[in-house]
file start29.txt (compact mmCIF, C-alpha atoms)
# COMPACT_ATOMS: atom_id res chain seq x y z
CA SER A 1 -46.75 -42.50 -51.68
CA ALA A 2 -45.26 -39.64 -49.68
CA VAL A 3 -48.64 -37.89 -49.91
CA SER A 4 -51.46 -39.45 -47.92
CA VAL A 5 -54.89 -38.48 -46.62
CA GLY A 6 -56.20 -39.11 -43.12
CA THR A 7 -58.63 -37.53 -40.69
CA ALA A 8 -58.15 -34.99 -37.92
CA ASP A 9 -61.05 -33.83 -35.74
CA GLY A 10 -63.38 -35.53 -38.20
CA GLN A 11 -62.07 -33.59 -41.19
CA PRO A 12 -60.04 -34.94 -44.13
CA GLU A 13 -56.39 -33.96 -43.93
CA MET A 14 -53.64 -34.10 -46.56
CA ARG A 15 -50.27 -35.20 -45.19
CA ILE A 16 -46.71 -35.35 -46.51
CA HIS A 17 -44.54 -38.05 -44.94
CA GLY A 18 -47.13 -38.21 -42.17
CA GLN A 19 -46.92 -34.47 -41.42
CA PRO A 20 -50.26 -32.61 -41.64
CA LEU A 21 -50.38 -30.02 -44.41
CA ALA A 22 -53.97 -29.16 -45.33
CA ARG A 23 -57.27 -29.87 -43.59
CA LEU A 24 -60.67 -29.31 -45.23
CA ALA A 25 -63.94 -28.36 -43.52
CA ARG A 26 -67.23 -29.63 -44.96
CA PRO A 27 -70.37 -27.47 -45.36
CA ASP A 28 -73.63 -28.56 -43.76
CA ALA A 29 -76.77 -29.44 -45.72
CA GLY A 30 -78.20 -25.94 -45.35
CA TYR A 31 -75.15 -24.43 -47.00
CA PHE A 32 -75.55 -26.66 -50.06
CA GLU A 33 -79.24 -25.75 -50.26
CA LYS A 34 -78.36 -22.06 -50.40
CA ASP A 35 -75.71 -22.75 -53.04
CA LEU A 36 -78.42 -24.11 -55.35
CA GLU A 37 -79.27 -20.52 -56.29
CA TRP A 38 -75.87 -20.21 -57.95
CA VAL A 39 -76.37 -23.48 -59.82
CA ARG A 40 -79.60 -22.08 -61.26
CA ALA A 41 -77.96 -18.78 -62.20
CA TYR A 42 -75.03 -20.44 -63.97
CA ALA A 43 -77.40 -22.61 -66.04
CA ASP A 44 -77.99 -19.57 -68.25
CA LEU A 45 -74.47 -20.07 -69.67
CA ARG A 46 -75.08 -23.60 -70.91
CA GLY A 47 -75.55 -22.61 -74.52
CA ASP A 48 -72.18 -20.82 -74.59
CA ARG A 49 -70.20 -23.47 -72.70
CA ILE A 50 -71.61 -26.79 -73.94
CA GLU A 51 -68.67 -27.70 -76.19
CA GLU A 52 -66.07 -26.86 -73.52
CA ILE A 53 -67.97 -28.83 -70.91
CA HIS A 54 -68.09 -31.98 -73.01
CA LEU A 55 -64.40 -31.76 -73.94
CA GLN A 56 -63.44 -31.23 -70.31
CA LEU A 57 -65.13 -34.46 -69.25
CA ASP A 58 -61.95 -36.32 -70.21
CA ASP A 59 -59.37 -33.65 -71.04
CA LEU A 60 -58.17 -30.76 -68.90
CA LEU A 61 -54.51 -30.52 -69.79
CA SER A 62 -54.84 -29.53 -73.44
CA PHE A 63 -56.75 -26.38 -72.50
CA PHE A 64 -53.62 -25.03 -70.85
CA GLY A 65 -51.93 -25.18 -74.24
CA ALA A 66 -53.81 -21.97 -75.01
CA LEU A 67 -51.39 -20.18 -72.65
CA GLY A 68 -48.15 -21.32 -74.30
CA TYR A 69 -46.57 -24.04 -76.37
CA LEU A 70 -47.10 -27.43 -74.73
CA GLY A 71 -46.13 -29.79 -77.55
CA THR A 72 -44.18 -32.97 -76.88
CA SER A 73 -41.26 -31.93 -79.11
CA ARG A 74 -40.19 -28.96 -76.95
CA ARG A 75 -42.14 -29.26 -73.71
CA LYS A 76 -42.32 -32.99 -73.00
CA TYR A 77 -40.92 -32.68 -69.47
CA THR A 78 -43.26 -29.80 -68.69
CA LEU A 79 -46.16 -31.92 -69.90
CA LEU A 80 -44.94 -34.82 -67.80
CA MET A 81 -44.87 -32.67 -64.67
CA LEU A 82 -48.30 -31.19 -65.37
CA ASP A 83 -49.72 -34.68 -65.83
CA MET A 84 -48.07 -35.71 -62.55
CA ALA A 85 -49.85 -32.78 -60.88
CA ARG A 86 -53.17 -34.00 -62.26
CA ARG A 87 -52.51 -37.56 -61.09
CA LEU A 88 -51.46 -36.44 -57.62
CA ALA A 89 -54.62 -34.34 -57.37
CA ILE A 90 -56.71 -37.40 -58.30
CA HIS A 91 -54.92 -39.43 -55.60
CA VAL A 92 -55.95 -36.83 -53.00
CA GLU A 93 -59.41 -36.01 -54.32
CA VAL A 94 -60.83 -39.54 -54.38
CA ILE A 95 -60.13 -39.99 -50.67
CA PHE A 96 -61.36 -36.50 -49.76
CA LYS A 97 -64.57 -37.21 -51.68
CA TYR A 98 -65.04 -40.52 -49.89
CA MET A 99 -64.66 -38.79 -46.52
CA CYS A 100 -66.93 -35.83 -47.33
CA ARG A 101 -69.76 -37.72 -49.07
CA ALA A 102 -71.71 -34.64 -50.10
CA PRO A 103 -74.84 -34.66 -52.30
CA ARG A 104 -74.87 -33.47 -55.91
CA PRO A 105 -77.19 -30.64 -57.02
CA ILE A 106 -79.60 -33.12 -58.62
CA ASP A 107 -79.88 -34.93 -55.27
CA MET A 108 -81.34 -31.74 -53.82
CA ALA A 109 -83.50 -30.55 -56.72
CA PHE A 110 -84.69 -32.43 -59.80
CA GLU A 111 -85.17 -29.05 -61.48
CA VAL A 112 -81.39 -28.73 -61.92
CA GLN A 113 -81.58 -31.04 -64.97
CA PRO A 114 -77.80 -31.37 -65.51
CA MET A 115 -76.62 -31.22 -69.12
CA ILE A 116 -74.21 -34.15 -68.57
CA GLN A 117 -74.41 -37.36 -66.56
CA THR A 118 -73.97 -36.63 -62.86
CA PRO A 119 -71.01 -38.60 -61.41
CA ASP A 120 -71.95 -41.04 -58.64
CA HIS A 121 -69.34 -39.86 -56.13
CA SER A 122 -69.29 -36.94 -53.71
CA SER A 123 -69.85 -33.45 -55.06
CA TYR A 124 -67.47 -31.96 -52.47
CA PRO A 125 -64.70 -31.18 -53.20
CA SER A 126 -64.71 -30.79 -56.98
CA GLY A 127 -62.18 -33.04 -58.69
CA HIS A 128 -62.11 -30.94 -61.87
CA SER A 129 -61.34 -27.88 -59.79
CA MET A 130 -58.64 -29.64 -57.77
CA GLU A 131 -56.93 -31.03 -60.86
CA SER A 132 -57.07 -27.81 -62.89
CA PHE A 133 -55.74 -25.65 -60.05
CA ALA A 134 -52.96 -28.15 -59.35
CA ILE A 135 -51.97 -27.92 -63.02
CA ALA A 136 -52.22 -24.11 -62.93
CA THR A 137 -50.02 -23.93 -59.84
CA VAL A 138 -47.25 -26.04 -61.38
CA LEU A 139 -47.44 -24.19 -64.70
CA HIS A 140 -47.23 -20.83 -62.93
CA ARG A 141 -44.30 -22.04 -60.82
CA LEU A 142 -42.43 -23.23 -63.91
CA SER A 143 -43.19 -20.03 -65.82
CA THR A 144 -42.50 -17.41 -63.15
CA GLY A 145 -41.06 -19.06 -60.04
CA GLU A 146 -44.00 -17.66 -58.07
CA GLY A 147 -46.37 -19.66 -55.90
CA PRO A 148 -50.16 -19.79 -56.15
CA ARG A 149 -50.72 -16.99 -53.65
CA GLU A 150 -48.76 -14.54 -55.79
CA GLY A 151 -50.35 -15.83 -58.98
CA LEU A 152 -53.86 -15.49 -57.62
CA ARG A 153 -53.14 -12.02 -56.31
CA ASP A 154 -51.85 -10.90 -59.71
CA GLY A 155 -54.61 -12.56 -61.75
CA ALA A 156 -52.21 -14.90 -63.58
CA LEU A 157 -53.75 -16.57 -66.63
CA PRO A 158 -53.24 -20.22 -65.57
CA PHE A 159 -55.51 -19.60 -62.57
CA ALA A 160 -58.08 -17.76 -64.68
CA LEU A 161 -58.24 -20.78 -67.00
CA ALA A 162 -58.47 -23.21 -64.07
CA HIS A 163 -61.31 -21.09 -62.69
CA ARG A 164 -63.22 -21.34 -65.98
CA ILE A 165 -62.82 -25.12 -66.04
CA ALA A 166 -64.10 -25.36 -62.47
CA VAL A 167 -67.04 -23.02 -63.07
CA ASN A 168 -68.05 -25.04 -66.13
CA ARG A 169 -68.95 -27.88 -63.79
CA THR A 170 -71.48 -25.62 -62.06
CA VAL A 171 -72.78 -24.45 -65.44
CA ALA A 172 -73.29 -28.12 -66.33
CA GLY A 173 -75.31 -28.62 -63.14
CA VAL A 174 -73.11 -31.21 -61.44
CA HIS A 175 -71.28 -29.06 -58.85
CA PHE A 176 -71.93 -26.31 -56.34
CA PRO A 177 -69.63 -23.24 -56.26
CA VAL A 178 -68.41 -24.28 -52.81
CA ASP A 179 -67.22 -27.58 -54.32
CA SER A 180 -65.00 -25.61 -56.70
CA PHE A 181 -63.67 -23.41 -53.91
CA ALA A 182 -62.65 -26.44 -51.86
CA GLY A 183 -61.14 -28.22 -54.85
CA ALA A 184 -59.21 -25.14 -55.94
CA SER A 185 -57.82 -24.54 -52.45
CA ILE A 186 -56.54 -28.10 -52.13
CA GLY A 187 -55.42 -28.11 -55.76
CA CYS A 188 -53.13 -25.13 -55.24
CA ILE A 189 -51.53 -26.89 -52.28
CA VAL A 190 -51.21 -30.16 -54.22
CA GLY A 191 -49.49 -28.37 -57.11
CA ASP A 192 -47.14 -26.57 -54.76
CA ALA A 193 -46.37 -29.87 -53.00
CA LEU A 194 -45.36 -31.49 -56.29
CA HIS A 195 -43.10 -28.54 -57.09
CA ALA A 196 -41.61 -28.84 -53.62
CA PHE A 197 -40.83 -32.52 -54.21
CA ALA A 198 -39.01 -31.56 -57.40
CA THR A 199 -37.01 -28.68 -55.90
CA GLY A 200 -36.59 -29.56 -52.21
CA ALA A 201 -38.42 -26.40 -51.12
CA ALA A 202 -40.97 -26.21 -48.34
CA VAL A 203 -44.71 -26.13 -49.06
CA THR A 204 -47.24 -24.26 -46.93
CA GLY A 205 -50.82 -25.11 -46.09
CA GLY A 206 -53.33 -25.04 -43.27
CA ASP A 207 -57.02 -25.31 -42.44
CA ILE A 208 -59.41 -24.51 -45.30
CA ALA A 209 -62.70 -23.21 -43.93
CA VAL A 210 -66.08 -23.05 -45.64
CA PRO A 211 -66.55 -19.51 -47.06
CA ALA A 212 -68.67 -17.35 -44.75
CA LEU A 213 -72.14 -16.29 -45.82
CA ASP A 214 -72.54 -12.74 -47.09
CA ALA A 215 -74.38 -9.91 -45.30
CA ASN A 216 -77.70 -11.24 -46.62
CA GLY A 217 -77.08 -14.74 -45.31
CA GLN A 218 -76.40 -16.14 -48.78
CA THR A 219 -73.49 -18.23 -50.03
CA ARG A 220 -70.82 -16.58 -52.13
CA ASP A 221 -70.05 -17.19 -55.77
CA PHE A 222 -66.77 -18.97 -56.52
CA LEU A 223 -64.52 -16.11 -57.62
CA LEU A 224 -60.72 -16.08 -57.65
CA PRO A 225 -60.40 -13.42 -54.89
CA LEU A 226 -61.83 -16.02 -52.48
CA LEU A 227 -58.56 -17.93 -52.89
CA GLU A 228 -56.20 -15.03 -52.21
CA THR A 229 -56.07 -15.97 -48.53
CA LEU A 230 -54.88 -19.55 -48.94
CA PRO A 231 -53.81 -20.80 -45.49
CA GLU A 232 -50.13 -20.46 -44.61
CA ASP A 233 -49.96 -21.64 -41.00
CA ARG A 234 -48.24 -24.99 -41.72
CA SER A 235 -44.99 -25.67 -43.52
CA VAL A 236 -43.67 -29.06 -44.60
CA THR A 237 -40.47 -29.92 -46.46
CA PRO A 238 -40.94 -33.09 -48.53

call {"tool": "encode", "arguments": {"input": "start29.txt", "output": "structure tokens"}}
result
Amino acid sequence: SAVSVGTADGQPEMRIHGQPLARLARPDAGYFEKDLEWVRAYADLRGDRIEEIHLQLDDLLSFFGALGYLGTSRRKYTLLMLDMARRLAIHVEVIFKYMCRAPRPIDMAFEVQPMIQTPDHSSYPSGHSMESFAIATVLHRLSTGEGPREGLRDGALPFALAHRIAVNRTVAGVHFPVDSFAGASIGCIVGDALHAFATGAAVTGGDIAVPALDANGQTRDFLLPLLETLPEDRSVTP
């Protein structure tokens, strides 16, 4: 594969043809403990989101059909590319998870009581978030020609839907908000990389830091404006 994952300064790094593109920092244990407050707060939405959460255990792609026609008769190549984005995200996420090895919410507090079975791999970064934002990035590129930075800035619907899918994992009690932030950041870069492979354009990335604590020393909720400053200090042409 032209896309690989290695380490640099102890942090997982996504590479294209051996060239570094995106590096991900990992929060410390104290950060995850603070993020538990958001997991508790989001649990109040479980009654509203339970059906979505169960469907999204195995299916992310069909939810994007709410934004436009994605049937196989007229959009089979679009569907193929979106599925490729999901598969490429999985290729990256499984190695990032292995390198980060972060605890799940239930590992830190039995009171979380997740509404679905907690996966037995690393919580950080979120795979659902990475896959859904990779799909959103490709769909936005195909629809408008714009990259994820422009789409996030303008509140484009594919990213709003990807955000809901990612947040549902916190509602379910199996992910911290910071997991979704990390997954979304890498997912946008993964989606842009796939588009770059298809078009011969360059893709940009850089170091993805852990979001800073707020003025009260608390972690921040995962909201789309957090992603508007995706790193742009590296450029690679596939």

call {"tool": "atom_distance", "arguments": {"input": "start29.txt", "atom1": "CA of Ser62 in chain A", "atom2": "CA of Phe222 in chain A"}}
result
23.2 Å

call {"tool": "residues_around", "arguments": {"input": "start29.txt", "residues": "Phe96 in chain A", "least_positions_apart": "4", "cutoff": "9 Å", "atoms": "all atoms listed in the file", "output": "PyMOL selection string"}}
result
chain A and resi 5-6+12-14+24+92+100-101+122+124-125

call {"tool": "write_last_selection", "arguments": {"input": "start29.txt", "atoms": "C-alpha atoms", "output": "short mmCIF file (atom, residue, chain, number, x, y, z; two decimals), in the frame of the given file"}}
result
data_model
loop_
_atom_site.label_atom_id
_atom_site.label_comp_id
_atom_site.auth_asym_id
_atom_site.auth_seq_id
_atom_site.Cartn_x
_atom_site.Cartn_y
_atom_site.Cartn_z
CA VAL A 5 -54.89 -38.48 -46.62
CA GLY A 6 -56.20 -39.11 -43.12
CA PRO A 12 -60.04 -34.94 -44.13
CA GLU A 13 -56.39 -33.96 -43.93
CA MET A 14 -53.64 -34.10 -46.56
CA LEU A 24 -60.67 -29.31 -45.23
CA VAL A 92 -55.95 -36.83 -53.00
CA CYS A 100 -66.93 -35.83 -47.33
CA ARG A 101 -69.76 -37.72 -49.07
CA SER A 122 -69.29 -36.94 -53.71
CA TYR A 124 -67.47 -31.96 -52.47
CA PRO A 125 -64.70 -31.18 -53.20
#

call {"tool": "residues_around", "arguments": {"input": "start29.txt", "residues": "Ala209 in chain A", "least_positions_apart": "6", "cutoff": "9 Å", "atoms": "only C-alpha atoms", "output": "PDB file with C-alpha atoms, in the coordinates of the input"}}
result
ATOM      1  CA  ARG A  23     -57.270 -29.870 -43.590  1.00  0.00           C
ATOM      2  CA  LEU A  24     -60.670 -29.310 -45.230  1.00  0.00           C
ATOM      3  CA  ALA A  25     -63.940 -28.360 -43.520  1.00  0.00           C
ATOM      4  CA  ARG A  26     -67.230 -29.630 -44.960  1.00  0.00           C
ATOM      5  CA  PRO A  27     -70.370 -27.470 -45.360  1.00  0.00           C
ATOM      6  CA  ALA A 182     -62.650 -26.440 -51.860  1.00  0.00           C
TER       7      ALA A 182
END

call {"tool": "residues_around", "arguments": {"input": "start29.txt", "residues": "Ser180 in chain A", "least_positions_apart": "2", "cutoff": "6 Å", "atoms": "only C-alpha atoms", "output": "ChimeraX atom specification"}}
result
/A:126,129,166,177-178,182-184

call {"tool": "closest_residue", "arguments": {"input": "start29.txt", "among": "A:Ala43, A:Ala8, A:Leu139, A:Ala89", "to": "Tyr77 in chain A", "atoms": "only C-alpha atoms"}}
result
A:Leu139

call {"tool": "closest_residue", "arguments": {"input": "start29.txt", "among": "A:Gly206, A:Gly71, A:Gly30, A:Pro148", "to": "Ile135 in chain A", "atoms": "all atoms listed in the file"}}
result
A:Pro148

call {"tool": "closest_residue", "arguments": {"input": "start29.txt", "among": "A:Arg104, A:Lys76, A:Arg49, A:Arg234", "to": "Pro119 in chain A", "atoms": "all atoms listed in the file"}}
result
A:Arg104

call {"tool": "residues_around", "arguments": {"input": "start29.txt", "residues": "Leu194 in chain A", "least_positions_apart": "4", "cutoff": "7 Å", "atoms": "only C-alpha atoms", "output": "PyMOL selection string"}}
result
chain A and resi 85+190+198

call {"tool": "closest_residue", "arguments": {"input": "start29.txt", "among": "A:Val174, A:Met81, A:Ala162, A:Leu60", "to": "Ile106 in chain A", "atoms": "only C-alpha atoms"}}
result
A:Val174

call {"tool": "closest_residue", "arguments": {"input": "start29.txt", "among": "A:Thr204, A:Met99, A:Leu88, A:Leu67", "to": "Ala160 in chain A", "atoms": "all atoms listed in the file"}}
result
A:Leu67

call {"tool": "atom_distance", "arguments": {"input": "start29.txt", "atom1": "CA of His175 in chain A", "atom2": "CA of Ile16 in chain A"}}
result
28.2 Å

call {"tool": "residues_around", "arguments": {"input": "start29.txt", "residues": "Ala66 in chain A", "least_positions_apart": "3", "cutoff": "10 Å", "atoms": "all atoms listed in the file", "output": "PyMOL selection string"}}
result
chain A and resi 62-63+69-70+157-158+161

call {"tool": "build_atoms", "arguments": {"input": "start29.txt", "residues": "range 207-218 of chain A", "atoms": "all heavy atoms", "output": "PDB file, in the coordinates of the input"}}
result
ATOM      1  N   ASP A 207     -55.608 -24.958 -42.461  1.00  0.00           N
ATOM      2  CA  ASP A 207     -57.020 -25.310 -42.440  1.00  0.00           C
ATOM      3  C   ASP A 207     -57.788 -24.491 -43.473  1.00  0.00           C
ATOM      4  O   ASP A 207     -57.661 -23.260 -43.527  1.00  0.00           O
ATOM      5  CB  ASP A 207     -57.612 -25.046 -41.055  1.00  0.00           C
ATOM      6  CG  ASP A 207     -57.046 -25.994 -40.004  1.00  0.00           C
ATOM      7  OD1 ASP A 207     -56.446 -27.009 -40.394  1.00  0.00           O
ATOM      8  OD2 ASP A 207     -57.197 -25.707 -38.807  1.00  0.00           O
ATOM      9  N   ILE A 208     -58.600 -25.174 -44.288  1.00  0.00           N
ATOM     10  CA  ILE A 208     -59.410 -24.510 -45.300  1.00  0.00           C
ATOM     11  C   ILE A 208     -60.854 -24.518 -44.813  1.00  0.00           C
ATOM     12  O   ILE A 208     -61.496 -25.567 -44.724  1.00  0.00           O
ATOM     13  CB  ILE A 208     -59.285 -25.230 -46.658  1.00  0.00           C
ATOM     14  CG1 ILE A 208     -57.826 -25.183 -47.119  1.00  0.00           C
ATOM     15  CG2 ILE A 208     -60.214 -24.609 -47.696  1.00  0.00           C
ATOM     16  CD1 ILE A 208     -57.525 -26.089 -48.287  1.00  0.00           C
ATOM     17  N   ALA A 209     -61.355 -23.342 -44.481  1.00  0.00           N
ATOM     18  CA  ALA A 209     -62.700 -23.210 -43.930  1.00  0.00           C
ATOM     19  C   ALA A 209     -63.727 -23.051 -45.041  1.00  0.00           C
ATOM     20  O   ALA A 209     -63.401 -22.684 -46.171  1.00  0.00           O
ATOM     21  CB  ALA A 209     -62.757 -22.011 -42.988  1.00  0.00           C
ATOM     22  N   VAL A 210     -64.973 -23.317 -44.721  1.00  0.00           N
ATOM     23  CA  VAL A 210     -66.080 -23.050 -45.640  1.00  0.00           C
ATOM     24  C   VAL A 210     -66.253 -21.537 -45.734  1.00  0.00           C
ATOM     25  O   VAL A 210     -66.268 -20.850 -44.710  1.00  0.00           O
ATOM     26  CB  VAL A 210     -67.369 -23.703 -45.136  1.00  0.00           C
ATOM     27  CG1 VAL A 210     -68.540 -23.368 -46.049  1.00  0.00           C
ATOM     28  CG2 VAL A 210     -67.184 -25.211 -45.019  1.00  0.00           C
ATOM     29  N   PRO A 211     -66.371 -20.963 -46.937  1.00  0.00           N
ATOM     30  CA  PRO A 211     -66.550 -19.510 -47.060  1.00  0.00           C
ATOM     31  C   PRO A 211     -67.750 -19.013 -46.263  1.00  0.00           C
ATOM     32  O   PRO A 211     -68.822 -19.636 -46.285  1.00  0.00           O
ATOM     33  CB  PRO A 211     -66.751 -19.293 -48.563  1.00  0.00           C
ATOM     34  CG  PRO A 211     -66.075 -20.454 -49.201  1.00  0.00           C
ATOM     35  CD  PRO A 211     -66.294 -21.610 -48.263  1.00  0.00           C
ATOM     36  N   ALA A 212     -67.583 -17.909 -45.564  1.00  0.00           N
ATOM     37  CA  ALA A 212     -68.670 -17.350 -44.750  1.00  0.00           C
ATOM     38  C   ALA A 212     -69.796 -16.835 -45.639  1.00  0.00           C
ATOM     39  O   ALA A 212     -69.584 -16.442 -46.792  1.00  0.00           O
ATOM     40  CB  ALA A 212     -68.124 -16.213 -43.893  1.00  0.00           C
ATOM     41  N   LEU A 213     -71.002 -16.851 -45.102  1.00  0.00           N
ATOM     42  CA  LEU A 213     -72.140 -16.290 -45.820  1.00  0.00           C
ATOM     43  C   LEU A 213     -71.988 -14.778 -45.931  1.00  0.00           C
ATOM     44  O   LEU A 213     -71.280 -14.142 -45.138  1.00  0.00           O
ATOM     45  CB  LEU A 213     -73.440 -16.625 -45.086  1.00  0.00           C
ATOM     46  CG  LEU A 213     -73.750 -18.120 -44.894  1.00  0.00           C
ATOM     47  CD1 LEU A 213     -75.032 -18.289 -44.101  1.00  0.00           C
ATOM     48  CD2 LEU A 213     -73.840 -18.842 -46.221  1.00  0.00           C
ATOM     49  N   ASP A 214     -72.642 -14.184 -46.918  1.00  0.00           N
ATOM     50  CA  ASP A 214     -72.540 -12.740 -47.090  1.00  0.00           C
ATOM     51  C   ASP A 214     -73.482 -12.028 -46.115  1.00  0.00           C
ATOM     52  O   ASP A 214     -74.124 -12.658 -45.268  1.00  0.00           O
ATOM     53  CB  ASP A 214     -72.808 -12.328 -48.538  1.00  0.00           C
ATOM     54  CG  ASP A 214     -74.236 -12.626 -48.989  1.00  0.00           C
ATOM     55  OD1 ASP A 214     -75.125 -12.841 -48.138  1.00  0.00           O
ATOM     56  OD2 ASP A 214     -74.473 -12.626 -50.212  1.00  0.00           O
ATOM     57  N   ALA A 215     -73.581 -10.708 -46.238  1.00  0.00           N
ATOM     58  CA  ALA A 215     -74.380  -9.910 -45.300  1.00  0.00           C
ATOM     59  C   ALA A 215     -75.863 -10.265 -45.356  1.00  0.00           C
ATOM     60  O   ALA A 215     -76.603 -10.002 -44.406  1.00  0.00           O
ATOM     61  CB  ALA A 215     -74.177  -8.426 -45.593  1.00  0.00           C
ATOM     62  N   ASN A 216     -76.297 -10.856 -46.468  1.00  0.00           N
ATOM     63  CA  ASN A 216     -77.700 -11.240 -46.620  1.00  0.00           C
ATOM     64  C   ASN A 216     -77.946 -12.702 -46.249  1.00  0.00           C
ATOM     65  O   ASN A 216     -79.036 -13.223 -46.479  1.00  0.00           O
ATOM     66  CB  ASN A 216     -78.145 -11.002 -48.060  1.00  0.00           C
ATOM     67  CG  ASN A 216     -78.080  -9.539 -48.445  1.00  0.00           C
ATOM     68  OD1 ASN A 216     -78.498  -8.666 -47.689  1.00  0.00           O
ATOM     69  ND2 ASN A 216     -77.540  -9.264 -49.631  1.00  0.00           N
ATOM     70  N   GLY A 217     -76.926 -13.359 -45.714  1.00  0.00           N
ATOM     71  CA  GLY A 217     -77.080 -14.740 -45.310  1.00  0.00           C
ATOM     72  C   GLY A 217     -77.044 -15.726 -46.464  1.00  0.00           C
ATOM     73  O   GLY A 217     -77.491 -16.863 -46.326  1.00  0.00           O
ATOM     74  N   GLN A 218     -76.484 -15.292 -47.608  1.00  0.00           N
ATOM     75  CA  GLN A 218     -76.400 -16.140 -48.780  1.00  0.00           C
ATOM     76  C   GLN A 218     -74.966 -16.625 -48.991  1.00  0.00           C
ATOM     77  O   GLN A 218     -74.009 -15.995 -48.533  1.00  0.00           O
ATOM     78  CB  GLN A 218     -76.889 -15.390 -50.019  1.00  0.00           C
ATOM     79  CG  GLN A 218     -78.328 -14.933 -49.922  1.00  0.00           C
ATOM     80  CD  GLN A 218     -79.292 -16.092 -49.719  1.00  0.00           C
ATOM     81  OE1 GLN A 218     -79.237 -17.089 -50.437  1.00  0.00           O
ATOM     82  NE2 GLN A 218     -80.177 -15.971 -48.734  1.00  0.00           N
TER      83      GLN A 218
END
